[in-house]
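Just start_32.cif here, mmCIF, C-alpha atoms:
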data_my_file
#
loop_
_atom_site.label_atom_id
_atom_site.label_comp_id
_atom_site.auth_asym_id
_atom_site.auth_seq_id
_atom_site.Cartn_x
_atom_site.Cartn_y
_atom_site.Cartn_z
CA MET A 20 0.00 0.00 0.00
CA THR A 21 1.41 3.39 -1.03
CA LYS A 22 1.81 5.88 1.79
CA SER A 23 0.26 9.29 1.21
CA VAL A 24 2.33 12.48 1.37
CA THR A 25 1.12 15.75 2.88
CA TYR A 26 2.73 19.18 2.98
CA THR A 27 2.20 22.14 5.22
CA VAL A 28 2.94 25.44 3.44
CA ARG A 29 3.62 28.42 5.66
CA LYS A 30 4.26 32.01 4.60
CA ASN A 31 7.95 32.76 3.96
CA LYS A 32 8.90 29.20 5.01
CA VAL A 33 9.99 26.10 3.14
CA PRO A 34 7.11 23.58 2.79
CA GLN A 35 7.45 20.88 5.43
CA LYS A 36 7.06 17.23 4.50
CA SER A 37 5.61 14.50 6.65
CA ILE A 38 6.59 11.46 4.58
CA GLY A 39 8.63 11.22 1.39
CA GLU A 40 10.47 13.94 -0.54
CA PRO A 41 9.11 17.48 -1.17
CA PHE A 42 8.07 18.32 -4.72
CA PHE A 43 10.02 21.58 -4.60
CA CYS A 44 12.40 23.42 -2.34
CA ASP A 45 12.81 27.17 -1.82
CA GLU A 46 16.20 26.93 -0.18
CA VAL A 47 18.73 29.06 -2.01
CA GLU A 48 22.02 27.42 -2.86
CA ASP A 49 25.17 28.32 -4.76
CA LYS A 50 25.02 32.09 -4.33
CA LYS A 51 26.59 33.99 -7.19
CA CYS A 52 27.64 37.60 -6.61
CA VAL A 53 28.24 39.88 -9.59
CA LEU A 54 29.19 43.55 -9.89
CA ILE A 55 27.67 45.01 -13.07
CA VAL A 56 29.60 47.98 -14.48
CA PRO A 57 28.50 49.52 -17.82
CA GLU A 58 31.50 50.88 -19.75
CA GLY A 59 31.39 54.67 -19.61
CA GLY A 60 28.09 54.56 -17.74
CA LEU A 61 26.98 56.33 -14.60
CA MET A 62 25.75 53.41 -12.53
CA ALA A 63 26.90 50.25 -10.80
CA LYS A 64 24.84 47.33 -9.56
CA VAL A 65 25.51 44.49 -7.17
CA LYS A 66 23.49 41.40 -7.99
CA ILE A 67 23.32 38.42 -5.68
CA SER A 68 21.56 35.40 -7.14
CA GLY A 69 21.07 31.83 -5.96
CA LYS A 70 20.10 28.59 -7.58
CA LYS A 71 16.61 27.38 -6.65
CA GLU A 72 15.95 23.71 -7.01
CA ASN A 73 12.70 23.26 -8.96
CA GLY A 74 11.74 26.82 -7.97
CA LEU A 75 8.49 28.39 -9.04
CA THR A 76 8.95 31.56 -11.09
CA LYS A 77 6.61 34.31 -12.19
CA LYS A 78 4.81 33.53 -15.43
CA ASN A 79 5.76 35.54 -18.51
CA GLY A 80 3.22 37.26 -20.67
CA SER A 81 1.22 38.77 -17.83
CA ILE A 82 -0.68 41.97 -18.60
CA ILE A 83 1.15 45.19 -17.71
CA LYS A 84 -1.35 47.27 -15.78
CA GLU A 85 0.73 50.17 -14.47
CA TYR A 86 3.97 52.13 -14.63
CA SER A 87 5.36 50.26 -11.65
CA ARG A 88 8.22 51.08 -9.33
CA GLU A 89 10.19 48.20 -10.84
CA ALA A 90 9.67 49.57 -14.37
CA ARG A 91 10.80 53.04 -13.32
CA ASN A 92 13.87 51.58 -11.65
CA ARG A 93 14.83 49.53 -14.73
CA MET A 94 14.43 52.56 -16.97
CA ARG A 95 16.67 54.68 -14.74
CA GLN A 96 19.34 51.99 -14.76
CA GLU A 97 19.23 51.69 -18.55
CA LEU A 98 19.58 55.44 -19.09
CA MET A 99 22.48 55.57 -16.65
CA SER A 100 24.17 52.69 -18.51
CA VAL A 101 24.66 54.74 -21.69
CA ASP A 102 28.19 55.95 -22.41
CA TYR A 103 27.46 59.66 -22.91
CA GLU A 104 31.08 60.47 -23.68
CA LYS A 105 31.08 58.08 -26.63
CA ASN A 106 27.51 58.66 -27.85
CA GLY A 107 27.32 62.37 -27.10
CA LEU A 108 24.43 64.26 -25.59
CA PRO A 109 20.95 63.35 -26.89
CA VAL A 110 17.97 65.43 -27.99
CA PHE A 111 14.84 65.56 -25.86
CA TYR A 112 11.62 65.11 -27.87
CA THR A 113 7.86 65.01 -27.35
CA LEU A 114 5.07 63.56 -29.52
CA THR A 115 1.43 64.49 -28.92
CA TYR A 116 -1.84 63.59 -30.61
CA PRO A 117 -4.38 66.06 -32.02
CA GLY A 118 -7.76 66.80 -30.45
CA GLU A 119 -9.18 63.62 -31.93
CA TYR A 120 -7.00 60.68 -30.96
CA PRO A 121 -7.37 56.88 -31.07
CA ARG A 122 -8.32 55.06 -27.85
CA ASN A 123 -6.49 51.88 -28.83
CA PRO A 124 -3.02 51.46 -27.16
CA GLU A 125 -1.97 49.09 -29.94
CA LYS A 126 -2.51 51.91 -32.44
CA TRP A 127 -0.30 54.24 -30.37
CA LYS A 128 2.55 51.72 -30.30
CA ASN A 129 2.14 51.06 -34.02
CA ASP A 130 2.36 54.80 -34.76
CA LEU A 131 5.64 54.91 -32.85
CA ARG A 132 6.88 51.87 -34.79
CA VAL A 133 6.10 53.53 -38.13
CA LEU A 134 7.89 56.72 -37.03
CA ASP A 135 10.88 54.60 -36.05
CA MET A 136 11.00 53.06 -39.54
CA ARG A 137 11.02 56.51 -41.12
CA MET A 138 13.73 57.71 -38.74
CA ARG A 139 15.94 54.71 -39.57
CA ARG A 140 15.65 55.38 -43.29
CA LYS A 141 16.61 59.03 -42.78
CA MET A 142 19.21 58.52 -40.03
CA PRO A 143 20.35 54.86 -39.87
CA GLU A 144 22.63 55.47 -36.87
CA TYR A 145 20.01 57.07 -34.67
CA ALA A 146 18.75 55.55 -31.39
CA MET A 147 15.66 56.50 -29.39
CA GLN A 148 14.40 55.89 -25.88
CA TRP A 149 10.65 56.35 -25.47
CA LYS A 150 8.17 56.67 -22.66
CA ILE A 151 4.38 56.99 -22.75
CA GLU A 152 2.24 58.94 -20.31
CA GLU A 153 -1.28 60.26 -20.04
CA GLN A 154 -2.15 63.90 -20.56
CA LYS A 155 -4.86 65.62 -18.52
CA ARG A 156 -7.30 65.26 -21.42
CA GLY A 157 -6.67 61.51 -21.47
CA ALA A 158 -4.63 61.47 -24.68
CA PRO A 159 -1.35 59.52 -24.89
CA HIS A 160 1.90 61.46 -24.99
CA PHE A 161 5.32 60.12 -26.03
CA CYS A 162 8.57 61.63 -24.86
CA GLY A 163 12.18 60.60 -24.44
CA LEU A 164 15.70 60.99 -25.82
CA ILE A 165 17.20 60.65 -29.30
CA TRP A 166 20.91 60.05 -29.95
CA HIS A 167 23.05 60.49 -33.07
CA ALA A 168 20.59 62.88 -34.71
CA PRO A 169 21.86 66.48 -34.24
CA TRP A 170 20.27 67.41 -37.57
CA LEU A 171 16.84 67.30 -35.91
CA ILE A 172 17.64 70.48 -33.99
CA THR A 173 18.06 72.47 -37.21
CA ARG A 174 15.11 74.28 -38.75
CA GLU A 175 14.88 71.74 -41.56
CA GLY A 176 15.13 68.87 -39.08
CA LYS A 177 12.31 70.19 -36.90
CA LYS A 178 10.05 70.66 -39.92
CA TRP A 179 10.82 67.14 -41.15
CA PHE A 180 10.17 65.60 -37.72
CA SER A 181 6.83 67.41 -37.36
CA ARG A 182 5.75 66.39 -40.86
CA GLN A 183 6.56 62.71 -40.20
CA TRP A 184 4.51 62.52 -37.01
CA TYR A 185 1.68 64.49 -38.63
CA GLU A 186 1.52 61.98 -41.49
CA VAL A 187 1.92 58.90 -39.27
CA VAL A 188 -1.07 59.73 -37.05
CA GLY A 189 -3.12 60.97 -40.01
CA SER A 190 -3.99 64.17 -38.22
CA GLY A 191 -5.24 66.46 -40.97
CA ASP A 192 -5.14 69.35 -38.47
CA LEU A 193 -2.65 72.07 -39.44
CA ARG A 194 -2.49 73.22 -35.81
CA HIS A 195 -1.23 69.77 -34.90
CA LEU A 196 1.39 69.99 -37.65
CA LYS A 197 2.84 73.07 -35.92
CA ALA A 198 2.49 71.96 -32.30
CA GLY A 199 2.39 68.15 -32.37
CA THR A 200 6.11 67.67 -31.74
CA GLY A 201 8.82 69.25 -29.64
CA LEU A 202 12.62 69.07 -29.85
CA GLU A 203 15.12 70.44 -27.37
CA ARG A 204 18.88 70.11 -27.26
CA VAL A 205 20.28 68.65 -24.04
CA LYS A 206 22.98 71.13 -23.00
CA ASN A 207 24.91 69.12 -20.42
CA LEU A 208 24.99 65.85 -18.52
CA LYS A 209 23.34 67.44 -15.49
CA GLN A 210 20.11 67.77 -17.49
CA ILE A 211 20.20 64.03 -18.19
CA ILE A 212 20.66 63.23 -14.51
CA ASN A 213 17.79 65.54 -13.56
CA TYR A 214 15.60 63.96 -16.24
CA VAL A 215 16.34 60.49 -14.90
CA ALA A 216 16.01 61.42 -11.23
CA LYS A 217 12.80 63.43 -11.48
CA TYR A 218 10.86 63.05 -14.73
CA VAL A 219 11.39 59.34 -15.27
CA SER A 220 10.69 58.57 -11.61
CA LYS A 221 7.24 60.19 -11.54
CA ASN A 222 4.68 57.59 -10.47
CA ASP A 223 1.48 59.44 -11.43
CA GLN A 224 1.56 58.53 -15.12
CA THR A 225 -0.46 55.31 -15.17
CA PHE A 226 -3.55 54.97 -17.38
CA ASP A 227 -6.82 53.66 -15.95
CA TYR A 228 -6.64 50.68 -18.33
CA PRO A 229 -3.84 48.38 -19.58
CA VAL A 230 -1.67 49.94 -22.30
CA GLY A 231 1.27 47.51 -22.34
CA ARG A 232 4.83 48.65 -21.78
CA TYR A 233 5.32 52.21 -20.58
CA TRP A 234 8.86 52.64 -21.91
CA GLY A 235 11.34 51.07 -24.28
CA TRP A 236 14.01 51.54 -26.95
CA LYS A 237 14.20 51.91 -30.71
CA ASN A 238 17.46 50.98 -32.50
CA LYS A 239 19.18 50.56 -29.13
CA ALA A 240 22.07 48.58 -30.64
CA LYS A 241 23.52 51.80 -32.08
CA LEU A 242 24.36 52.96 -28.55
CA GLU A 243 26.67 49.96 -28.09
CA ILE A 244 25.98 49.60 -24.38
CA VAL A 245 28.52 47.20 -22.85
CA LYS A 246 27.91 45.89 -19.33
CA ASN A 247 30.89 44.24 -17.70
CA GLU A 248 30.03 41.59 -15.10
CA ILE A 249 32.70 41.05 -12.46
CA GLU A 250 32.31 38.00 -10.23
CA ILE A 251 33.04 38.89 -6.60
CA GLY A 252 32.90 37.14 -3.27
CA GLU A 253 29.81 37.30 -1.10
CA LYS A 254 31.53 39.32 1.64
CA VAL A 255 32.89 41.79 -0.93
CA ALA A 256 29.39 42.09 -2.44
CA TYR A 257 27.82 42.99 0.88
CA GLY A 258 30.69 45.39 1.58
CA ILE A 259 29.94 47.27 -1.66
CA LYS A 260 26.21 47.27 -0.84
CA ARG A 261 26.93 48.90 2.51
CA VAL A 262 28.78 51.71 0.73
CA MET A 263 25.90 52.03 -1.75
CA LYS A 264 23.37 52.35 1.07
CA ARG A 265 25.42 55.09 2.72
CA SER A 266 25.67 56.91 -0.61
CA ILE A 267 21.91 56.68 -1.20
CA THR A 268 21.18 57.84 2.35
CA LYS A 269 23.51 60.82 1.97
CA ASN A 270 21.99 62.03 -1.31
CA ASN A 271 18.29 61.44 -0.62
CA LYS A 272 15.63 62.07 1.97
CA MET A 273 14.89 59.19 4.32
CA ASN A 274 11.43 58.46 2.91
CA ILE A 275 12.99 58.08 -0.56
CA VAL A 276 15.79 55.95 0.86
CA ASN A 277 13.33 53.59 2.50
CA ARG A 278 11.51 53.07 -0.80
CA ILE A 279 14.78 52.47 -2.64
CA LEU A 280 16.14 49.98 -0.14
CA ASN A 281 12.83 48.14 0.31
CA HIS A 282 13.03 44.56 -1.02
CA LYS A 283 16.60 45.12 -2.21
CA ARG A 284 18.25 42.33 -0.25
CA VAL A 285 19.67 40.55 -3.30
CA GLY A 286 20.30 43.49 -5.62
CA LEU A 287 21.11 47.17 -5.28
CA TRP A 288 22.45 49.85 -7.60
CA ALA A 289 23.90 53.33 -7.21
CA GLN A 290 24.56 56.25 -9.51
CA TRP A 291 28.36 55.99 -9.73
CA ASP A 292 30.78 56.57 -12.56
CA ASN A 293 33.29 53.86 -13.47
CA LYS A 294 36.15 55.35 -11.42
CA THR A 295 34.06 55.50 -8.25
CA THR A 296 32.85 51.94 -8.80
CA TYR A 297 36.31 50.45 -9.21
CA ASP A 298 37.64 52.47 -6.25
CA VAL A 299 34.88 51.05 -4.02
CA LEU A 300 35.54 47.54 -5.37
CA THR A 301 39.25 47.82 -4.59
CA MET A 302 38.52 49.12 -1.10
CA ALA A 303 36.05 46.29 -0.37
CA GLU A 304 38.50 43.64 -1.56
CA GLN A 305 41.32 45.10 0.51
CA ASN A 306 39.11 45.17 3.61
CA GLU A 307 38.25 41.49 3.21
CA GLU A 308 41.90 40.58 2.68
CA ARG A 309 42.85 42.50 5.81
CA LYS A 310 40.16 40.70 7.84
CA SER A 311 41.35 37.33 6.56
CA VAL A 312 44.93 38.07 7.61
CA ASP A 313 43.82 39.26 11.06
CA MET A 314 41.75 36.11 11.59
CA ALA A 315 44.67 33.94 10.52
#

Take the structure from the file and write it as structure tokens.
Amino acid sequence: MTKSVTYTVRKNKVPQKSIGEPFFCDEVEDKKCVLIVPEGGLMAKVKISGKKENGLTKKNGSIIKEYSREARNRMRQELMSVDYEKNGLPVFYTLTYPGEYPRNPEKWKNDLRVLDMRMRRKMPEYAMQWKIEEQKRGAPHFCGLIWHAPWLITREGKKWFSRQWYEVVGSGDLRHLKAGTGLERVKNLKQIINYVAKYVSKNDQTFDYPVGRYWGWKNKAKLEIVKNEIEIGEKVAYGIKRVMKRSITKNNKMNIVNRILNHKRVGLWAQWDNKTTYDVLTMAEQNEERKSVDMA
């Protein structure tokens, strides 16, 4: 006679077995610690991952219902991973719809896709980061940064850009042709940092219905973002995270710090340039070596 197996699942605890082997285990093994450093970027991230035996993961393909904190955080990290010295300063742009606009989010994303195709034909080396938000009247509004396209700031470039968006959305309104787009040269890196820290981080830009992704890239490969992954020891990883936490606490108010550090036990990032990152890494490694010698 086969013996039955029962499990008692408790919150935040590994399921307990009574007889036999458990069908899965949440115990984390084989921790891997990595320091992610984008070449020429302005960020560094410590990632601590573990192998889960038969672990249960979140299903892909779930409906995106909001511009979440996680999405904002990923977007900030991506923008801080760009090598601005190599790629140069971008152009800030806006795309708005006329008084009559489609209510279908798929149509909005398709309009952006068609504009991207026209941009690639005109400027093959260009790259664009986009973000969608809701205006007070309920209409969608695209904005973001464009690299490798200084011609757009010229008078001819602005006229061409306006004409393309006007034709893509099929406006037919001459007022929209004049005011449907905006282009502004980014003067210095400080403007980029302010854009990332304030504008991108706004959390009041969620529609009342699902619209899919709230941000993304077009022709991102032209930016040639290279992220170096340096394997480090667990003690060194936590040493770097302690420095990151002090840096975040120093540069932000406590209520912001608490939101940043919440649920960041296995991963944390800071807005550091490459020199600062490698200096902190060297210091953390030296501290661990010194402790090992003292203990010996």

Legend entry - Picked residues, the PyMOL selection byres ((chain A and resi 103) around 10), expected as a PyMOL selection string: chain A and resi 59-61+98-102+104-109+166+208+211+242

Legend entry - Selection result for the PyMOL selection byres ((chain A and resi 287-303) around 8) on this file, as a PyMOL selection string: chain A and resi 56-66+99+255+258-260+262-263+266-267+280+283-286+304-307

Inset, instruction - Any chance you could resolve the PyMOL selection byres ((chain A and resi 185) around 12) against this file and give the residues as a PyMOL selection string? - result: chain A and resi 114-117+130-131+133-134+178-184+186-200

Inset, instruction - Report the distance between atom CA of A:Ala90 and atom CA of A:Asn123 in Å, rounded to one decimal place. - result: 21.8 Å

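Interatomic distance, atom CA of A:Arg204 against atom CA of A:Lys177: 11.7 Å.
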
Inset, instruction - Give as a ChimeraX atom specification the set of residues within 7 Å of the point (15.3, 65.7, -27.4), where distances use the file's coordinates and only C-alpha atoms. - result: /A:109-112,163-165,202-205

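With all atoms listed in the file as the basis for measurement, A:Gly252 is the residue among A:Arg132, A:Val245, A:Thr268, A:Gly252 that approaches A:Glu308 most closely.
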
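Between atom CA of A:Arg93 and atom CA of A:Val230 the separation is 18.2 Å.
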
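Here the question is which of A:Lys269, A:Arg156, A:Lys50, A:Lys239 gets nearest to A:Gly118 using only C-alpha atoms, and that residue is A:Arg156.
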
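With only C-alpha atoms as the basis for measurement, A:Ser68 is the residue among A:Cys162, A:Met138, A:Glu119, A:Ser68 that approaches A:Ala256 most closely.
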